[in-house]
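Chemist: My file is coords_35.txt. It has compact mmCIF, C-alpha atoms:
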```txt
# COMPACT_ATOMS: atom_id res chain seq x y z
CA MET A 1 254.05 42.14 75.47
CA VAL A 2 250.51 40.75 75.80
CA THR A 3 248.00 43.39 74.74
CA ALA A 4 244.43 43.84 75.84
CA GLN A 5 241.59 42.64 73.68
CA ASN A 6 239.79 45.20 71.54
CA LEU A 7 237.19 46.31 74.06
CA GLY A 8 236.85 49.89 72.84
CA ASN A 9 237.68 53.06 74.67
CA ASP A 10 234.84 53.20 77.16
CA LEU A 11 236.62 52.15 80.34
CA ALA A 12 240.22 51.71 81.47
CA VAL A 13 241.52 50.25 84.71
CA VAL A 14 244.86 51.98 85.31
CA HIS A 15 247.13 50.33 87.86
CA LEU A 16 250.37 51.98 88.90
CA VAL A 17 253.42 49.70 89.01
CA VAL A 18 256.57 51.03 90.70
CA ARG A 19 259.75 49.06 90.07
CA ASP A 20 261.37 49.97 93.39
CA TYR A 21 258.49 48.36 95.28
CA GLY A 22 259.38 44.95 93.91
CA PHE A 23 257.03 42.12 93.03
CA ALA A 24 255.03 41.79 96.26
CA PRO A 25 252.46 44.60 95.83
CA PHE A 26 252.10 43.84 92.13
CA ASP A 27 251.50 40.15 92.84
CA ALA A 28 248.90 41.07 95.49
CA PHE A 29 247.00 43.27 93.05
CA ILE A 30 247.12 40.77 90.20
CA ALA A 31 245.99 37.93 92.47
CA SER A 32 243.02 40.01 93.61
CA TYR A 33 242.27 41.14 90.04
CA ARG A 34 242.27 37.53 88.90
CA ARG A 35 240.18 36.37 91.87
CA HIS A 36 237.39 38.96 91.69
CA HIS A 37 235.31 39.37 88.55
CA ALA A 38 235.12 43.06 87.61
CA GLY A 39 231.58 42.93 86.25
CA ARG A 40 232.27 45.41 83.42
CA PRO A 41 234.30 45.05 80.22
CA HIS A 42 237.42 47.17 80.41
CA ARG A 43 241.02 47.43 79.31
CA LEU A 44 243.78 46.96 81.87
CA ILE A 45 246.48 49.62 81.60
CA LEU A 46 249.65 49.10 83.60
CA ALA A 47 251.33 52.45 84.26
CA ALA A 48 254.97 51.53 84.82
CA LYS A 49 257.34 53.79 86.75
CA GLN A 50 261.11 53.42 86.92
CA PHE A 51 261.24 51.06 83.95
CA GLY A 52 263.73 52.29 81.37
CA SER A 53 262.25 50.19 78.56
CA ASP A 54 259.37 47.87 77.77
CA ARG A 55 261.84 45.00 77.96
CA ALA A 56 262.68 45.87 81.56
CA PHE A 57 259.04 45.24 82.42
CA GLY A 58 259.36 41.65 81.20
CA PRO A 59 259.67 39.96 84.63
CA TRP A 60 256.51 41.75 85.79
CA ALA A 61 254.66 40.84 82.58
CA GLU A 62 255.49 37.17 83.11
CA ARG A 63 253.71 37.26 86.47
CA LEU A 64 250.43 38.21 84.78
CA GLY A 65 249.98 34.67 83.54
CA GLY A 66 248.36 35.70 80.28
CA ILE A 67 246.04 38.44 81.61
CA PRO A 68 245.58 40.89 78.70
CA PHE A 69 247.06 44.32 79.39
CA GLU A 70 248.58 47.38 77.80
CA LEU A 71 251.79 48.92 79.05
CA VAL A 72 252.35 52.64 79.42
CA ARG A 73 255.64 53.84 80.86
CA VAL A 74 255.34 57.06 82.84
CA ALA A 75 257.97 59.42 84.19
CA ASP A 76 259.12 58.90 87.77
CA GLN A 77 257.72 62.20 88.95
CA GLY A 78 254.43 63.65 90.09
CA LEU A 79 253.70 60.72 92.41
CA ASP A 80 250.41 58.91 91.72
CA ILE A 81 248.24 61.91 90.85
CA GLY A 82 250.73 63.33 88.38
CA SER A 83 250.84 59.98 86.58
CA TYR A 84 247.06 59.74 86.43
CA ALA A 85 246.75 63.26 84.99
CA ARG A 86 249.30 62.52 82.27
CA ILE A 87 247.60 59.26 81.31
CA ALA A 88 244.18 60.93 81.11
CA ALA A 89 245.70 63.60 78.86
CA MET A 90 247.46 61.18 76.52
CA MET A 91 244.77 58.48 76.20
CA GLN A 92 241.15 58.76 75.10
CA PHE A 93 239.09 56.53 77.36
CA GLU A 94 235.68 57.78 78.43
CA ARG A 95 236.21 56.64 82.02
CA TYR A 96 239.24 55.79 84.11
CA PHE A 97 239.53 53.74 87.25
CA PHE A 98 242.84 54.77 88.78
CA CYS A 99 244.41 52.65 91.49
CA ASN A 100 247.79 52.86 93.13
CA SER A 101 250.50 50.25 93.53
CA ARG A 102 249.17 49.04 96.91
CA THR A 103 245.62 48.36 95.75
CA VAL A 104 243.93 45.05 96.55
CA ILE A 105 240.46 44.20 95.23
CA LEU A 106 238.25 42.54 97.84
CA HIS A 107 234.92 41.69 96.16
CA ASP A 108 233.38 40.54 92.89
CA ASP A 109 231.61 43.06 90.64
CA TRP A 110 233.75 45.86 92.07
CA LEU A 111 233.96 47.74 88.78
CA GLU A 112 230.27 47.29 88.05
CA TYR A 113 229.43 48.80 91.43
CA LEU A 114 231.68 51.78 90.82
CA CYS A 115 230.35 52.37 87.31
CA ALA A 116 226.74 52.09 88.41
CA ALA A 117 227.44 54.62 91.16
CA LEU A 118 229.06 57.07 88.76
CA ASP A 119 226.07 56.70 86.43
CA GLN A 120 223.98 58.21 89.22
CA LEU A 121 226.46 61.04 89.90
CA PRO A 122 227.04 62.72 86.51
CA GLY A 123 230.17 64.82 86.53
CA GLY A 124 231.12 63.41 89.90
CA VAL A 125 233.68 60.94 91.15
CA VAL A 126 233.42 57.73 93.19
CA GLY A 127 235.93 55.67 95.09
CA ALA A 128 236.37 52.95 97.66
CA THR A 129 237.32 55.11 100.65
CA GLY A 130 236.95 58.63 101.97
CA SER A 131 237.79 60.49 105.14
CA TRP A 132 236.79 63.58 107.12
CA GLN A 133 240.31 64.14 108.42
CA SER A 134 241.56 67.71 108.60
CA VAL A 135 245.30 68.39 108.70
CA SER A 136 244.68 71.91 109.97
CA SER A 137 242.37 70.84 112.80
CA GLY A 138 244.74 68.10 113.90
CA HIS A 139 247.66 70.52 113.92
CA HIS A 140 245.59 73.03 115.90
CA ARG A 141 244.83 70.40 118.54
CA ASN A 142 248.49 69.51 118.95
CA LEU A 143 249.42 73.16 119.03
CA LEU A 144 247.03 73.93 121.87
CA ARG A 145 248.30 70.95 123.85
CA THR A 146 251.98 71.76 123.54
CA SER A 147 252.35 75.51 122.98
CA LYS A 148 252.35 76.32 126.68
CA TRP A 149 255.66 74.45 126.95
CA PHE A 150 257.25 76.33 124.06
CA GLY A 151 259.64 79.22 124.39
CA PRO A 152 258.62 82.48 122.66
CA LEU A 153 260.44 81.72 119.39
CA LYS A 154 259.11 78.17 119.15
CA ARG A 155 255.62 79.44 119.95
CA VAL A 156 255.79 81.91 117.07
CA ARG A 157 257.04 79.21 114.70
CA ALA A 158 254.30 76.85 115.84
CA PHE A 159 251.58 79.41 115.16
CA VAL A 160 253.09 80.24 111.77
CA GLY A 161 252.96 76.53 110.96
CA PHE A 162 249.34 76.43 112.05
CA ALA A 163 248.51 79.44 109.84
CA GLN A 164 250.13 77.76 106.85
CA ARG A 165 248.19 74.54 107.39
CA TRP A 166 244.94 76.45 107.88
CA ALA A 167 245.56 78.22 104.58
CA ASP A 168 246.09 74.90 102.82
CA TYR A 169 243.49 72.67 104.50
CA PRO A 170 239.85 73.17 105.57
CA GLY A 171 238.87 72.46 109.15
CA PHE A 172 237.02 69.38 110.33
CA PRO A 173 234.96 67.77 108.85
CA ASN A 174 237.07 67.92 105.71
CA ALA A 175 235.33 65.34 103.54
CA HIS A 176 237.65 64.13 100.80
CA LEU A 177 237.77 61.05 98.62
CA ARG A 178 241.01 59.15 99.02
CA THR A 179 242.87 58.92 95.72
CA ASN A 180 244.18 55.39 96.17
CA ALA A 181 241.31 53.99 94.07
CA PHE A 182 238.72 56.09 92.27
CA LEU A 183 236.60 56.18 89.10
CA ILE A 184 236.23 59.37 87.09
CA GLN A 185 235.10 60.47 83.66
CA ARG A 186 237.87 61.77 81.42
CA ALA A 187 236.00 65.04 80.90
CA THR A 188 235.83 65.56 84.67
CA MET A 189 239.50 64.71 85.09
CA MET A 190 240.59 67.06 82.33
CA ALA A 191 238.57 69.91 83.86
CA LEU A 192 240.44 69.65 87.17
CA SER A 193 243.20 72.03 88.13
CA VAL A 194 246.00 69.59 88.96
CA PRO A 195 249.07 71.36 90.39
CA ASP A 196 252.64 70.30 89.81
CA ILE A 197 253.16 67.42 92.23
CA SER A 198 256.76 67.53 93.41
CA GLY A 199 256.34 65.73 96.72
CA LYS A 200 253.95 64.18 99.20
CA ARG A 201 252.87 67.56 100.56
CA ASP A 202 251.62 68.60 97.11
CA ALA A 203 249.82 65.27 96.72
CA LEU A 204 248.22 65.63 100.16
CA ARG A 205 246.95 69.10 99.31
CA PHE A 206 245.38 67.78 96.11
CA GLU A 207 243.72 64.97 98.02
CA SER A 208 242.48 66.89 101.06
CA GLY A 209 243.34 70.59 100.68
CA ARG A 210 241.14 73.57 99.88
CA ARG A 211 241.52 72.84 96.15
CA SER A 212 241.25 69.07 96.51
CA LEU A 213 239.85 66.74 93.89
CA THR A 214 236.70 66.45 95.99
CA ARG A 215 236.20 70.19 96.44
CA GLN A 216 236.80 70.98 92.78
CA VAL A 217 234.18 68.43 91.73
CA GLN A 218 231.72 69.71 94.30
CA ALA A 219 232.34 73.31 93.23
CA ASN A 220 231.05 72.32 89.79
CA GLY A 221 227.79 71.13 91.32
CA ALA A 222 228.57 67.40 91.19
CA LYS A 223 228.75 64.87 94.01
CA VAL A 224 231.38 62.54 95.40
CA GLY A 225 230.58 59.05 96.66
CA VAL A 226 232.14 56.11 98.44
CA VAL A 227 230.97 52.71 97.18
CA ASP A 228 230.86 49.80 99.59
CA ALA A 229 231.17 46.03 99.15
CA MET A 230 227.43 45.66 98.46
CA GLY A 231 227.43 48.34 95.78
CA LYS A 232 225.74 51.01 97.92
CA THR A 233 226.85 54.59 97.34
CA HIS A 234 227.47 56.77 100.38
CA LEU A 235 227.61 60.54 99.98
CA ALA A 236 230.11 62.55 102.02
CA ARG A 237 227.83 63.14 105.01
CA GLU A 238 227.38 59.37 105.38
CA TRP A 239 230.99 58.25 105.14
CA ASP A 240 231.46 57.84 108.88
CA ARG A 241 228.74 55.16 108.81
CA SER A 242 229.75 53.40 105.60
CA GLY A 243 231.65 50.55 107.27
CA THR A 244 234.64 51.14 105.00
CA PHE A 245 237.72 53.18 105.90
CA TRP A 246 239.03 52.91 109.49
CA GLN A 247 235.65 51.88 110.95
CA ASP A 248 234.86 48.81 113.04
CA ASP A 249 236.22 45.83 111.05
CA GLN A 250 235.98 47.59 107.66
CA ALA A 251 233.54 44.83 106.76
CA ASP A 252 232.00 46.79 103.87
CA LEU A 253 235.30 47.77 102.23
CA LEU A 254 235.25 47.17 98.47
CA ILE A 255 238.91 47.84 97.65
CA GLY A 256 241.79 47.95 100.11
CA ASP A 257 245.29 49.38 100.22
CA ASN A 258 248.21 49.69 102.63
CA GLN A 259 246.29 52.12 104.87
CA THR A 260 243.26 49.88 105.27
CA GLY A 261 245.71 47.03 105.81
CA LYS A 262 247.43 48.96 108.57
CA TYR A 263 244.11 49.36 110.35
CA ALA A 264 243.22 45.70 109.87
CA CYS A 265 246.45 44.62 111.57
CA ALA A 266 246.29 47.20 114.38
CA SER A 267 245.47 46.60 118.03
CA ASP A 268 242.11 47.75 119.39
CA GLN A 269 243.72 50.83 120.88
CA GLU A 270 245.49 51.67 117.64
CA ARG A 271 242.25 51.22 115.73
CA ARG A 272 240.46 53.66 118.01
CA SER A 273 243.22 56.20 117.45
CA LEU A 274 243.11 55.81 113.67
CA SER A 275 239.33 55.98 113.61
CA ALA A 276 239.41 59.17 115.66
CA ILE A 277 241.81 60.76 113.16
CA ALA A 278 239.46 60.07 110.29
CA TRP A 279 236.06 60.67 111.86
CA LYS A 280 236.15 62.63 115.11
CA LYS A 281 236.51 66.36 115.56
CA PRO A 282 239.81 67.14 117.33
CA THR A 283 239.32 68.56 120.82
```
What is this file in C-alpha cells?
Modeler:
Amino acid sequence: MVTAQNLGNDLAVVHLVVRDYGFAPFDAFIASYRRHHAGRPHRLILAAKQFGSDRAFGPWAERLGGIPFELVRVADQGLDIGSYARIAAMMQFERYFFCNSRTVILHDDWLEYLCAALDQLPGGVVGATGSWQSVSSGHHRNLLRTSKWFGPLKRVRAFVGFAQRWADYPGFPNAHLRTNAFLIQRATMMALSVPDISGKRDALRFESGRRSLTRQVQANGAKVGVVDAMGKTHLAREWDRSGTFWQDDQADLLIGDNQTGKYACASDQERRSLSAIAWKKPT
C-alpha cells in the first residue's frame, strides 16, 4: 500500500469507502480530491468497509494513481457515524474532516476554508451543509392532513407515531449540521455521546434528533457553522440564505454529495418541494 507522507498528526481527511458501492463513488471522490487543492497539509485516511483484508483493497488503491494515503479497515456496522467515532478513538489526530462515500469536492482551498472557520469557533464543528428540517413537524403535518380519513385504530397508531417522533426530534426550525462532510476537533468528538448506531433511524437521530451532534456541541456553549464556496461561515440562523443545501442553484456549495446531486438533477417543482422540506415551516 502507498502510505501518506509524514505530515504529523494535526489534520486527517477521513473518507469512507464501502466495497458494495463499487468504484463509481470512489472514483468521483478521488477525481475531485485530485482536481481541487485542499489548501492545508493533511493526511488522507481511507476508512474501508466490507474489505476482509488489506489485499482486497488493492483494486481501489490502484485507482488512486499514487495519491498518498493510509488504509484503516473498519467493521461493517454503525453506518458512517459509528465508523467516524471508532476512528477518532483509535487514532490521535488533532482534527478530523470526516466525509462519506458519496462526497464530491467542488472548490479549491476547501480544507483551508473549513479549518479557518473552525479556528473562529473553538469547540465547535463546521461542515458543508446544514438543514432546518424537522422530522416531527413534517410527520405532524401529514398526520393532520390524513387523520380524518383514518379509522379509530389507525388514528390511535398515527398519534402514537407522532408522539414517538416528537420525543426524538425537535420541532421546526431544527437546525442541524449534516454529517456527510464535517470538520471537528478530536477533543470535541470524544466528548460527544454517540449512541450505538444499528440502523438509519439511529443515525438520523444523531444527526437531527434532540441529542444530535449539533445540539450536543451547542449545549457546551460552542457554535456550529456551514462554510460556503467562498470560505464564508454561516451560523445556524443564516443557513437558509447560505446558497448551499437545497437552495436556488446551490451555487455556493463547497462540498457535494448524493443529496445535493439529487437536487441539482431535479425539476423546478421537485426543487421547490425539497427546499420546502429543508427550510419552510410545515403548515
Chemist: Give the answer as one residue: which of A:Leu64, A:Arg19, A:Ala264, A:Ser208 has the shortest atom-to-atom distance to A:Phe51, using only C-alpha atoms?
Modeler: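 Nearest to A:Phe51: A:Arg19.
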Chemist: Ranking A:Gly243, A:Gln259, A:Val217, A:Thr233 by minimum distance to A:Ala187 and counting only C-alpha atoms, which one comes first?
Modeler: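 The answer is A:Val217, which sits nearest to A:Ala187.
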Chemist: Separation of atom CA of A:Gly225 and atom CA of A:Val125, in Å?
Modeler: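 That distance, rounded to one decimal, is 6.6 Å.
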Chemist: Quick one: residues within 9 Å of stretch 129-135 of chain A, all atoms listed in the file counted, chain neighbours fewer than 5 positions away excluded, as number ranges by chain?
Modeler: A: 140, 165-166, 168-182, 208-209, 225-228, 236, 239-240, 244-246, 253-256, 276-282
Chemist: For stretch 88-102 of chain A, what centre and edge lengths in Å (one decimal) does the axis-aligned box get once 6 Å is added on each side of all its listed atoms, as JSON?
Modeler:
```
{"center_x": 243.1, "center_y": 56.3, "center_z": 86.0, "size_x": 26.8, "size_y": 26.6, "size_z": 33.8}
```
Chemist: Nearest to A:Val74: which of A:Val14, A:Pro122, A:Asp27, A:Met190 is it, counting only C-alpha atoms?
Modeler: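 Ranking A:Val14, A:Pro122, A:Asp27, A:Met190 by distance to A:Val74, first place goes to A:Val14.
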Chemist: Name the closest residue to A:Ala266 among the candidates A:Val13, A:Val126, A:Ser193, A:Asp249; distances are taken between atoms, counting all atoms listed in the file.
Modeler: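 Of all the options, A:Asp249 lies closest to A:Ala266.
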Chemist: Near A:Asp109, counting only C-alpha atoms, which residues have an atom at most 12 Å away, once you skip same-chain residues fewer than 3 positions from it, shown as a PDB file with C-alpha atoms, in the frame of the given file?
Modeler:
```pdb
ATOM      1  CA  TYR A  33     242.270  41.140  90.040  1.00  0.00           C
ATOM      2  CA  ARG A  35     240.180  36.370  91.870  1.00  0.00           C
ATOM      3  CA  HIS A  36     237.390  38.960  91.690  1.00  0.00           C
ATOM      4  CA  HIS A  37     235.310  39.370  88.550  1.00  0.00           C
ATOM      5  CA  ALA A  38     235.120  43.060  87.610  1.00  0.00           C
ATOM      6  CA  GLY A  39     231.580  42.930  86.250  1.00  0.00           C
ATOM      7  CA  ARG A  40     232.270  45.410  83.420  1.00  0.00           C
ATOM      8  CA  PRO A  41     234.300  45.050  80.220  1.00  0.00           C
ATOM      9  CA  ILE A 105     240.460  44.200  95.230  1.00  0.00           C
ATOM     10  CA  LEU A 106     238.250  42.540  97.840  1.00  0.00           C
ATOM     11  CA  GLU A 112     230.270  47.290  88.050  1.00  0.00           C
ATOM     12  CA  TYR A 113     229.430  48.800  91.430  1.00  0.00           C
ATOM     13  CA  LEU A 114     231.680  51.780  90.820  1.00  0.00           C
ATOM     14  CA  CYS A 115     230.350  52.370  87.310  1.00  0.00           C
ATOM     15  CA  ALA A 116     226.740  52.090  88.410  1.00  0.00           C
ATOM     16  CA  VAL A 227     230.970  52.710  97.180  1.00  0.00           C
ATOM     17  CA  ASP A 228     230.860  49.800  99.590  1.00  0.00           C
ATOM     18  CA  ALA A 229     231.170  46.030  99.150  1.00  0.00           C
ATOM     19  CA  MET A 230     227.430  45.660  98.460  1.00  0.00           C
ATOM     20  CA  GLY A 231     227.430  48.340  95.780  1.00  0.00           C
ATOM     21  CA  LEU A 254     235.250  47.170  98.470  1.00  0.00           C
ATOM     22  CA  ILE A 255     238.910  47.840  97.650  1.00  0.00           C
TER      23      ILE A 255
END
```
Chemist: Identify which of the residues A:Arg271, A:Arg34, A:Arg241, A:His15 lies closest to A:Asp108, counting all atoms listed in the file when measuring atom-to-atom distances.
Modeler: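 Using all atoms listed in the file, A:Asp108 sits closest to A:Arg34.
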Chemist: Closest to A:Leu235 among A:Ala47, A:Met91, A:Leu118, A:Ala28, using only C-alpha atoms?
Modeler: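 That would be A:Leu118, the residue with the smallest distance to A:Leu235.
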Chemist: Excluding A:Gly199 and its own-chain neighbours fewer than 6 positions away, which residues fall within 12 Å of it when counting only C-alpha atoms? Please give them as a ChimeraX atom specification.
Modeler: /A:76-82,205-206
Chemist: Please compute the atom CA of A:Val17-atom CA of A:Asn100 distance, one decimal, in Å.
Modeler: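 Atom-to-atom, atom CA of A:Val17 and atom CA of A:Asn100 are spaced 7.7 Å apart.
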Chemist: What is the distance, in Å and to one decimal place, between atom CA of A:Leu213 and atom CA of A:Leu111?
Modeler: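 If I compute the distance from atom CA of A:Leu213 to atom CA of A:Leu111, I get 20.5 Å.
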Chemist: Which residues, written as a JSON list (two decimals) with C-alpha atoms, in the coordinates of the input, have at least one atom at most 12 Å from A:Ala191, with all atoms listed in the file counted and residues fewer than 6 positions away on the same chain left out?
Modeler:
```json
[["chain", "number", "residue", "atom", "x", "y", "z"],
["A", 85, "ALA", "CA", 246.75, 63.26, 84.99],
["A", 88, "ALA", "CA", 244.18, 60.93, 81.11],
["A", 89, "ALA", "CA", 245.70, 63.60, 78.86],
["A", 123, "GLY", "CA", 230.17, 64.82, 86.53],
["A", 124, "GLY", "CA", 231.12, 63.41, 89.90],
["A", 184, "ILE", "CA", 236.23, 59.37, 87.09],
["A", 185, "GLN", "CA", 235.10, 60.47, 83.66],
["A", 213, "LEU", "CA", 239.85, 66.74, 93.89],
["A", 216, "GLN", "CA", 236.80, 70.98, 92.78],
["A", 217, "VAL", "CA", 234.18, 68.43, 91.73],
["A", 219, "ALA", "CA", 232.34, 73.31, 93.23],
["A", 220, "ASN", "CA", 231.05, 72.32, 89.79]]
```
Chemist: As a VMD selection string, please: the residues near A:Leu16 (cut-off 9 Å, all atoms listed in the file, same-chain neighbours under 6 positions excluded).
Modeler: chain A and resid 26 45 to 49 80 83 to 84 98 to 102
